[in-house]
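Structure data follow from run03.txt (compact mmCIF, C-alpha atoms and all ligand atoms):
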# COMPACT_ATOMS: atom_id res chain seq x y z
CA MET S 213 18.79 -6.41 -5.03
CA ALA S 214 22.25 -8.10 -4.99
CA TRP S 215 21.16 -10.21 -1.99
CA ILE S 216 18.16 -11.48 -3.95
CA ARG S 217 20.03 -11.88 -7.25
CA ALA S 218 22.65 -14.00 -5.48
CA ARG S 219 19.83 -16.44 -4.72
CA THR S 220 17.38 -16.30 -7.64
CA ALA S 221 16.96 -14.84 -11.13
CA PHE S 222 13.18 -14.69 -10.56
CA GLN S 223 11.70 -11.55 -12.14
CA PRO S 224 8.40 -10.43 -10.60
CA GLU S 225 5.78 -8.78 -12.82
CA VAL S 226 3.87 -7.14 -10.01
CA GLY S 227 4.41 -6.16 -6.39
CA VAL S 228 1.74 -6.46 -3.71
CA VAL S 229 2.24 -4.58 -0.44
CA LEU S 230 0.11 -5.99 2.38
CA GLY S 231 -1.15 -3.57 5.01
CA SER S 232 -2.06 -4.16 8.65
CA GLY S 233 -3.64 -7.55 9.29
CA TRP S 234 -3.31 -8.78 5.72
CA GLY S 235 -0.01 -10.66 6.06
CA PRO S 236 -1.68 -14.10 5.78
CA LEU S 237 -2.19 -13.40 2.06
CA SER S 238 1.55 -13.86 1.57
CA GLU S 239 1.10 -17.54 2.51
CA LEU S 240 -0.95 -18.06 -0.66
CA VAL S 241 2.12 -17.48 -2.80
CA ASP S 242 3.88 -20.49 -4.29
CA ALA S 243 7.18 -19.15 -3.01
CA VAL S 244 10.53 -19.20 -4.80
CA LEU S 245 12.31 -17.07 -2.20
CA ILE S 246 11.39 -15.59 1.18
CA ALA S 247 13.58 -12.80 2.60
CA GLU S 248 13.25 -11.10 5.97
CA TYR S 249 13.53 -7.32 5.63
CA ALA S 250 16.30 -7.46 8.25
CA VAL S 251 18.69 -9.09 5.74
CA LEU S 252 17.85 -6.78 2.81
CA PRO S 253 20.09 -3.74 2.36
CA GLY S 254 18.06 -0.51 2.59
CA PHE S 255 15.30 -2.23 4.57
CA ALA S 256 14.85 -2.54 8.33
CA PRO S 257 12.97 -5.05 10.49
CA ALA S 258 9.23 -4.25 10.70
CA THR S 259 7.98 -3.37 14.18
CA ALA S 260 4.35 -2.29 13.58
CA PRO S 261 1.63 -4.64 14.89
CA GLY S 262 0.32 -6.97 12.18
CA HIS S 263 3.42 -6.50 9.99
CA LEU S 264 5.75 -9.50 9.74
CA GLY S 265 8.42 -7.78 7.68
CA ARG S 266 9.32 -10.22 4.92
CA LEU S 267 9.23 -10.37 1.18
CA VAL S 268 7.88 -13.39 -0.70
CA LEU S 269 8.82 -13.94 -4.34
CA GLY S 270 6.79 -16.52 -6.23
CA GLU S 271 3.62 -17.26 -8.17
CA LEU S 272 0.02 -16.43 -7.38
CA GLU S 273 -2.82 -16.96 -9.86
CA GLY S 274 -0.19 -17.75 -12.49
CA ARG S 275 1.50 -14.34 -12.12
CA ARG S 276 5.02 -13.70 -10.91
CA VAL S 277 4.60 -11.63 -7.76
CA CYS S 278 6.70 -10.00 -5.09
CA VAL S 279 4.56 -9.80 -1.96
CA PHE S 280 5.62 -7.53 0.88
CA ASP S 281 4.28 -9.05 4.07
CA GLY S 282 4.17 -5.91 6.18
CA ARG S 283 5.68 -2.50 5.50
CA LEU S 284 7.89 0.05 7.18
CA HIS S 285 6.29 3.30 8.41
CA ALA S 286 7.82 6.71 8.98
CA TYR S 287 6.27 6.73 12.48
CA GLU S 288 8.58 3.82 13.39
CA GLY S 289 11.45 6.24 12.88
CA HIS S 290 12.36 5.02 9.40
CA SER S 291 13.41 7.56 6.79
CA ALA S 292 11.03 8.21 3.89
CA GLY S 293 13.64 6.49 1.70
CA ALA S 294 13.54 3.31 3.81
CA VAL S 295 9.72 3.35 3.82
CA ALA S 296 9.78 3.35 0.02
CA ALA S 297 12.70 0.89 -0.39
CA GLY S 298 10.32 -1.77 -1.68
CA MET S 299 9.36 0.37 -4.68
CA ARG S 300 12.99 0.80 -5.71
CA LEU S 301 13.54 -2.93 -5.26
CA LEU S 302 10.50 -3.80 -7.40
CA ASP S 303 11.82 -1.59 -10.18
CA GLU S 304 15.29 -3.13 -9.95
CA LEU S 305 13.85 -6.67 -10.03
CA GLY S 306 11.97 -5.81 -13.24
CA ALA S 307 8.38 -5.44 -11.98
CA THR S 308 6.20 -2.94 -13.85
CA ALA S 309 3.22 -2.65 -11.51
CA CYS S 310 2.45 -2.49 -7.83
CA LEU S 311 -0.70 -2.90 -5.76
CA LEU S 312 -0.52 -1.23 -2.36
CA THR S 313 -2.99 -2.05 0.40
CA ASN S 314 -3.61 -0.45 3.78
CA ALA S 315 -6.05 0.04 6.63
CA ALA S 316 -7.68 3.46 6.84
CA GLY S 317 -10.12 5.45 8.93
CA ILE S 318 -13.27 6.87 7.34
CA VAL S 319 -13.37 10.65 6.95
CA ASN S 320 -16.30 10.85 4.52
CA ARG S 321 -19.54 9.85 6.27
CA ARG S 322 -21.00 8.27 3.13
CA LEU S 323 -18.44 5.43 3.46
CA ARG S 324 -19.07 2.31 5.56
CA PRO S 325 -16.66 0.41 7.83
CA GLY S 326 -15.64 -3.00 6.49
CA ARG S 327 -15.67 -1.88 2.85
CA LEU S 328 -12.69 -1.71 0.52
CA MET S 329 -11.86 1.64 -1.12
CA LEU S 330 -9.94 2.10 -4.34
CA ILE S 331 -7.66 5.10 -3.83
CA SER S 332 -8.32 7.56 -6.66
CA ASP S 333 -5.89 10.24 -5.46
CA GLN S 334 -3.83 11.04 -2.40
CA LEU S 335 -2.83 13.84 -0.03
CA ASN S 336 0.72 13.41 1.27
CA LEU S 337 0.48 15.17 4.63
CA THR S 338 3.53 13.53 6.19
CA CYS S 339 5.77 16.51 5.28
CA LEU S 340 8.23 13.86 4.03
CA SER S 341 9.29 12.67 0.59
CA PRO S 342 11.28 9.57 -0.36
CA LEU S 343 12.85 11.69 -3.11
CA ALA S 344 14.22 14.46 -0.88
CA GLY S 345 17.99 14.23 -0.49
CA ARG S 346 18.62 11.91 -3.43
CA ARG S 347 22.25 11.81 -4.45
CA PRO S 348 22.87 13.39 -7.87
CA HIS S 349 23.43 10.02 -9.61
CA GLU S 350 20.05 8.78 -8.30
CA VAL S 351 18.05 11.66 -9.79
CA ARG S 352 16.20 10.62 -12.94
CA ASP S 353 13.71 13.49 -12.92
CA PRO S 354 14.30 16.35 -10.46
CA PHE S 355 10.57 17.18 -10.23
CA PRO S 356 8.52 14.04 -10.99
CA ASP S 357 4.98 14.58 -12.27
CA MET S 358 2.19 13.50 -9.90
CA SER S 359 -0.79 14.59 -11.99
CA ARG S 360 -1.81 10.93 -12.40
CA PRO S 361 -0.58 9.16 -9.27
CA PHE S 362 -2.56 5.98 -9.97
CA ASP S 363 -2.51 3.99 -13.20
CA PRO S 364 -5.89 4.22 -15.01
CA GLN S 365 -5.53 0.72 -16.49
CA LEU S 366 -4.77 -0.85 -13.11
CA LEU S 367 -7.71 1.02 -11.56
CA ALA S 368 -9.98 -0.25 -14.34
CA THR S 369 -8.70 -3.81 -13.77
CA LEU S 370 -9.46 -3.52 -10.05
CA ARG S 371 -12.99 -2.23 -10.76
CA THR S 372 -13.63 -5.13 -13.15
CA ALA S 373 -12.15 -7.60 -10.66
CA ALA S 374 -14.37 -6.29 -7.84
CA LEU S 375 -17.47 -6.44 -10.03
CA ALA S 376 -16.71 -10.00 -11.09
CA GLU S 377 -16.33 -11.06 -7.46
CA GLY S 378 -19.47 -9.22 -6.32
CA LEU S 379 -17.40 -6.98 -4.03
CA ALA S 380 -18.47 -3.43 -3.23
CA LEU S 381 -15.48 -1.22 -4.02
CA GLU S 382 -15.71 2.39 -2.89
CA GLU S 383 -13.48 5.07 -4.43
CA GLY S 384 -11.95 8.10 -2.79
CA VAL S 385 -9.04 10.28 -1.78
CA TYR S 386 -6.61 8.93 0.84
CA ALA S 387 -4.83 11.30 3.18
CA GLY S 388 -1.51 9.93 4.41
CA VAL S 389 -0.39 11.32 7.77
CA LEU S 390 2.72 10.62 9.84
CA GLY S 391 1.04 9.20 12.98
CA PRO S 392 1.49 7.25 15.17
CA SER S 393 -1.20 8.98 17.26
CA TYR S 394 -4.62 8.84 15.65
CA GLU S 395 -6.10 12.16 14.57
CA THR S 396 -8.05 14.60 16.73
CA PRO S 397 -11.66 15.33 15.69
CA ALA S 398 -10.51 18.77 14.49
CA GLU S 399 -7.83 17.19 12.31
CA VAL S 400 -10.38 14.83 10.76
CA GLU S 401 -12.69 17.78 10.01
CA PHE S 402 -9.68 19.58 8.46
CA LEU S 403 -8.96 16.52 6.29
CA ARG S 404 -12.61 16.31 5.20
CA ARG S 405 -12.70 19.98 4.18
CA PHE S 406 -9.53 19.49 2.19
CA GLY S 407 -10.97 16.65 0.17
CA ALA S 408 -9.99 13.47 2.03
CA ASP S 409 -12.35 10.50 2.15
CA ALA S 410 -10.10 8.30 4.30
CA VAL S 411 -6.97 8.68 6.43
CA GLY S 412 -4.05 6.42 7.25
CA MET S 413 -0.38 6.34 8.16
CA SER S 414 1.15 4.73 5.08
CA THR S 415 1.13 4.36 1.28
CA VAL S 416 1.63 7.98 0.13
CA LEU S 417 5.44 7.84 0.24
CA GLU S 418 5.50 4.51 -1.59
CA VAL S 419 3.24 5.97 -4.29
CA ILE S 420 5.63 8.90 -4.83
CA ALA S 421 8.62 6.55 -5.10
CA ALA S 422 6.73 4.23 -7.44
CA ARG S 423 5.77 7.11 -9.73
CA GLU S 424 9.33 8.33 -9.90
CA ARG S 425 10.32 4.84 -11.07
CA SER S 426 7.40 4.74 -13.56
CA LEU S 427 5.93 1.72 -11.78
CA GLY S 428 2.22 1.49 -12.53
CA THR S 429 0.54 1.93 -9.16
CA ALA S 430 -2.84 1.17 -7.64
CA ALA S 431 -3.88 1.19 -4.00
CA VAL S 432 -6.78 -0.27 -2.02
CA ALA S 433 -7.68 0.76 1.52
CA CYS S 434 -9.67 -1.33 3.96
CA LEU S 435 -12.01 1.08 5.74
CA THR S 436 -11.52 -0.32 9.22
CA ASN S 437 -13.12 2.39 11.37
CA LEU S 438 -14.83 5.75 11.55
CA ALA S 439 -12.09 8.33 12.04
CA SER S 440 -11.84 10.36 15.22
CA GLY S 441 -14.88 12.52 15.92
CA LEU S 442 -17.17 10.48 13.63
CA SER S 443 -17.79 7.93 16.35
CA PRO S 444 -18.10 8.30 20.13
CA LEU S 445 -15.66 5.41 20.62
CA PRO S 446 -11.91 5.95 21.14
CA LEU S 447 -9.71 4.38 18.45
CA ARG S 448 -7.75 1.28 19.38
CA GLU S 449 -5.16 -0.55 17.29
CA GLU S 450 -6.65 -3.95 18.12
CA ASP S 451 -10.06 -2.91 16.72
CA VAL S 452 -8.43 -1.63 13.52
CA LEU S 453 -6.49 -4.88 13.12
CA ARG S 454 -9.57 -7.00 13.82
CA ALA S 455 -11.55 -5.12 11.16
CA ALA S 456 -8.72 -5.51 8.62
CA THR S 457 -8.48 -9.24 9.37
CA GLY S 458 -12.26 -9.49 8.92
CA ALA S 459 -11.87 -8.10 5.40
CA LEU S 460 -9.20 -10.68 4.46
CA PRO S 461 -11.57 -12.87 2.41
CA GLN S 462 -12.68 -9.79 0.41
CA LEU S 463 -9.10 -8.72 -0.19
CA GLU S 464 -8.00 -12.22 -1.18
CA ALA S 465 -10.84 -12.45 -3.71
CA LEU S 466 -9.99 -9.01 -5.09
CA VAL S 467 -6.23 -9.65 -5.35
CA ARG S 468 -6.70 -13.04 -7.03
CA SER S 469 -9.23 -11.65 -9.49
CA PHE S 470 -7.00 -8.62 -10.16
CA LEU S 471 -3.95 -10.81 -10.86
CA ARG S 472 -5.93 -13.06 -13.22
CA ARG S 473 -7.09 -10.03 -15.20
CA LEU S 474 -3.84 -8.11 -15.23
CA PRO S 475 -2.68 -7.55 -18.82
CA ALA S 476 0.55 -9.46 -19.51
N1 LIG C 501 -6.42 7.10 11.31
C1 LIG C 501 -5.17 6.90 10.87
N2 LIG C 501 -4.74 5.72 10.46
C2 LIG C 501 -5.59 4.68 10.48
C3 LIG C 501 -6.92 4.83 10.93
C4 LIG C 501 -7.36 6.11 11.37
O1 LIG C 501 -8.51 6.31 11.78
N3 LIG C 501 -7.49 3.60 10.82
C5 LIG C 501 -6.56 2.77 10.31
N4 LIG C 501 -5.40 3.42 10.11
Here is a file; write its structure as structure tokens.
Ligand code: HPA
Amino acid sequence: MAWIRARTAFQPEVGVVLGSGWGPLSELVDAVLIAEYAVLPGFAPATAPGHLGRLVLGELEGRRVCVFDGRLHAYEGHSAGAVAAGMRLLDELGATACLLTNAAGIVNRRLRPGRLMLISDQLNLTCLSPLAGRRPHEVRDPFPDMSRPFDPQLLATLRTAALAEGLALEEGVYAGVLGPSYETPAEVEFLRRFGADAVGMSTVLEVIAARERSLGTAAVACLTNLASGLSPLPLREEDVLRAATGALPQLEALVRSFLRRLPA
């Protein structure tokens, strides 16, 4: 926060976290400030494939945005607090909303690879929390409510935006796991029976941190592949990334349309 404030007074309205393969969207921003995560206190350099690890403050579709080009994952060895550092930063910079994006495997057979899925609810199966171990002065609410993890108005705006762009937008429950190994077929069947529609290795910790800060949150997954056991093919990172990159035009259209429609 201090590092950024020493350089600009820019106050973002909304944060956009770009998942695997979607970094190029950050180049669309009319940038005021670009900061590598490595220089930001509380952050760490990104190491995951397809994640550049930089923050871009600026304008997109006439809105003041803070775009996170790549994210930190717990499977890289980062603490849950570091993974969610961006949510705390957004709150401190004055943003009131955040759109999280990710790549996910399909658990529910009715879903199709290549589609985008609005996340309606989540299962945090990482056994981690960004709120565990807060120092007393950091605790606003000791037991934050998670009965409405995603903001109904932001979800409605995303649905309208998708409709206007002619994009098929699925909806479902996202299970967030630690990774970095992909699931076994038995784990995917377990996730399905427990109500998951898609599975991935991110997002859930950021959502918890965002809720604690009362940041309005919405999340969109790119359904890059059939999860383990739903397809005879082994899962490979390069295939996941290629599928996410293939959905870039869809995501760009959705994000632009969402930003244009976002209530001031
Ligand atoms: N499993 C976990 N994470 C993922 C997957 C998957 O199948 N696809 C993209 N991220």
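Put simply, atom CA of S:Ala316 is 5.3 Å away from atom C4 of ligand LIG 501 (chain C).
Restricting the calculation to all atoms listed in the file, the smallest distance between S:Leu417 and any of S:Arg275, S:Arg300, S:Arg321, S:Arg473 is found for S:Arg300.
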Selection near S:Gly391, 10 Å with all atoms listed in the file, sequence-local residues under 4 positions removed, as a list in words | His285, Ala286, Tyr287, Glu288, Thr338, Glu395, Gly412, Met413 and Ser414 of chain S
Given the selection you just returned, output its residues as a file containing C-alpha atoms, formatted as a JSON list (two decimals), in the frame of the given file.
[["chain", "number", "residue", "atom", "x", "y", "z"],
["S", 285, "HIS", "CA", 6.29, 3.30, 8.41],
["S", 286, "ALA", "CA", 7.82, 6.71, 8.98],
["S", 287, "TYR", "CA", 6.27, 6.73, 12.48],
["S", 288, "GLU", "CA", 8.58, 3.82, 13.39],
["S", 338, "THR", "CA", 3.53, 13.53, 6.19],
["S", 395, "GLU", "CA", -6.10, 12.16, 14.57],
["S", 412, "GLY", "CA", -4.05, 6.42, 7.25],
["S", 413, "MET", "CA", -0.38, 6.34, 8.16],
["S", 414, "SER", "CA", 1.15, 4.73, 5.08]]
Minimum-distance residue to S:Val411, chosen among S:Val228, S:Leu463, S:Ala433, S:Ala247 (using all atoms listed in the file) = S:Ala433
Close residues, stretch 301-313 of chain S itself excluded, 7 Å, all atoms listed in the file, min 5 positions apart in chain, as an mmCIF file with C-alpha atoms, in the coordinates of the input:
data_model
loop_
_atom_site.group_PDB
_atom_site.id
_atom_site.type_symbol
_atom_site.label_atom_id
_atom_site.label_comp_id
_atom_site.auth_asym_id
_atom_site.auth_seq_id
_atom_site.Cartn_x
_atom_site.Cartn_y
_atom_site.Cartn_z
ATOM 1 C CA MET S 213 18.790 -6.410 -5.030
ATOM 2 C CA GLN S 223 11.700 -11.550 -12.140
ATOM 3 C CA PRO S 224 8.400 -10.430 -10.600
ATOM 4 C CA GLU S 225 5.780 -8.780 -12.820
ATOM 5 C CA VAL S 226 3.870 -7.140 -10.010
ATOM 6 C CA GLY S 227 4.410 -6.160 -6.390
ATOM 7 C CA VAL S 228 1.740 -6.460 -3.710
ATOM 8 C CA VAL S 229 2.240 -4.580 -0.440
ATOM 9 C CA LEU S 230 0.110 -5.990 2.380
ATOM 10 C CA GLY S 231 -1.150 -3.570 5.010
ATOM 11 C CA THR S 415 1.130 4.360 1.280
ATOM 12 C CA ARG S 425 10.320 4.840 -11.070
ATOM 13 C CA LEU S 427 5.930 1.720 -11.780
ATOM 14 C CA GLY S 428 2.220 1.490 -12.530
ATOM 15 C CA THR S 429 0.540 1.930 -9.160
ATOM 16 C CA ALA S 430 -2.840 1.170 -7.640
ATOM 17 C CA ALA S 431 -3.880 1.190 -4.000
ATOM 18 C CA VAL S 432 -6.780 -0.270 -2.020
ATOM 19 C CA ALA S 433 -7.680 0.760 1.520
#
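Straight-line separation from atom CA of S:Phe362 to atom CA of S:Ser393: 27.4 Å.
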Kindly provide the residues of chain S that approach ligand LIG 501 (chain C) to within 10 Å, each paired with its closest atom pair and their distance in Å to one decimal, based on all atoms listed in the file, listed by chain and increasing number, as a Markdown table.
| residue | atom | partner | partner_atom | distance |
| --- | --- | --- | --- | --- |
| S:Gly231 | CA | C:LIG501 | N4 | 9.6 |
| S:Ser232 | CA | C:LIG501 | N4 | 8.4 |
| S:Asn314 | CA | C:LIG501 | N4 | 7.6 |
| S:Ala315 | CA | C:LIG501 | C5 | 4.6 |
| S:Ala316 | CA | C:LIG501 | C5 | 3.7 |
| S:Gly317 | CA | C:LIG501 | O1 | 3.4 |
| S:Ile318 | CA | C:LIG501 | O1 | 6.5 |
| S:Val319 | CA | C:LIG501 | O1 | 8.1 |
| S:Ala387 | CA | C:LIG501 | C1 | 8.9 |
| S:Gly388 | CA | C:LIG501 | C1 | 8.0 |
| S:Val389 | CA | C:LIG501 | C1 | 7.2 |
| S:Leu390 | CA | C:LIG501 | C1 | 8.8 |
| S:Gly391 | CA | C:LIG501 | C1 | 7.0 |
| S:Pro392 | CA | C:LIG501 | C1 | 7.9 |
| S:Ser393 | CA | C:LIG501 | C1 | 7.8 |
| S:Tyr394 | CA | C:LIG501 | N1 | 5.0 |
| S:Glu395 | CA | C:LIG501 | N1 | 6.0 |
| S:Thr396 | CA | C:LIG501 | N1 | 9.4 |
| S:Val400 | CA | C:LIG501 | N1 | 8.7 |
| S:Ala410 | CA | C:LIG501 | C4 | 7.9 |
| S:Val411 | CA | C:LIG501 | C1 | 5.1 |
| S:Gly412 | CA | C:LIG501 | N2 | 3.4 |
| S:Met413 | CA | C:LIG501 | N2 | 5.0 |
| S:Ser414 | CA | C:LIG501 | N2 | 8.0 |
| S:Ala433 | CA | C:LIG501 | C5 | 9.1 |
| S:Cys434 | CA | C:LIG501 | C5 | 8.2 |
| S:Leu435 | CA | C:LIG501 | N3 | 7.3 |
| S:Thr436 | CA | C:LIG501 | N3 | 5.8 |
| S:Asn437 | CA | C:LIG501 | N3 | 5.8 |
| S:Leu438 | CA | C:LIG501 | O1 | 6.3 |
| S:Ala439 | CA | C:LIG501 | O1 | 4.1 |
| S:Ser440 | CA | C:LIG501 | O1 | 6.3 |
| S:Gly441 | CA | C:LIG501 | O1 | 9.8 |
| S:Leu442 | CA | C:LIG501 | O1 | 9.8 |
| S:Pro446 | CA | C:LIG501 | O1 | 10.0 |
| S:Leu447 | CA | C:LIG501 | O1 | 7.0 |
| S:Arg448 | CA | C:LIG501 | N3 | 8.9 |
| S:Glu449 | CA | C:LIG501 | C5 | 7.9 |
| S:Asp451 | CA | C:LIG501 | N3 | 9.2 |
| S:Val452 | CA | C:LIG501 | C5 | 5.8 |
| S:Leu453 | CA | C:LIG501 | C5 | 8.2 |
| S:Ala455 | CA | C:LIG501 | C5 | 9.4 |
| S:Ala456 | CA | C:LIG501 | C5 | 8.7 |
Counting only C-alpha atoms, what is within 12 Å of S:Gly345, bar same-chain residues fewer than 6 positions away, as JSON, numbers by chain?
-> {"S": [291, 292, 293, 351, 354]}
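Restricting the calculation to only C-alpha atoms, the smallest distance between S:Leu375 and any of S:Thr259, S:Val277, S:Gln462, S:Leu323 is found for S:Gln462.
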Any idea what the distance is between atom CA of S:Ala296 and atom CA of S:Val467?
-> 21.3 Å
What are the centre and the three edge lengths of an axis-aligned box that wraps all atoms of stretch 416-434 of chain S in the file, given that 6 Å is added to every side, written as AutoDock Vina command-line options and rounded to one decimal in Å?
--center_x 0.3 --center_y 3.8 --center_z -4.8 --size_x 32.0 --size_y 22.2 --size_z 29.5
Shortest contact to S:Ala408, candidates S:Ile331, S:Leu343, S:Ala294, S:Phe222, atoms counted all atoms listed in the file, goes to S:Ile331
Counting only C-alpha atoms, the residue of S:Met358, S:Met329, S:Ala243, S:Leu237 that sits nearest S:Asp281 = S:Leu237
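Each of S:Glu464, S:Glu273, S:Glu424, S:Asp242 was compared to S:Asp357 using only C-alpha atoms, and S:Glu424 turns out to be the nearest.
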Any idea what's packed within 12 Å of S:Val251, counting only C-alpha atoms, ignoring anything in its chain fewer than 5 positions away? Could you give it as an MDAnalysis selection string?
-> chainID S and resid 213:216 246 256:258 265:267
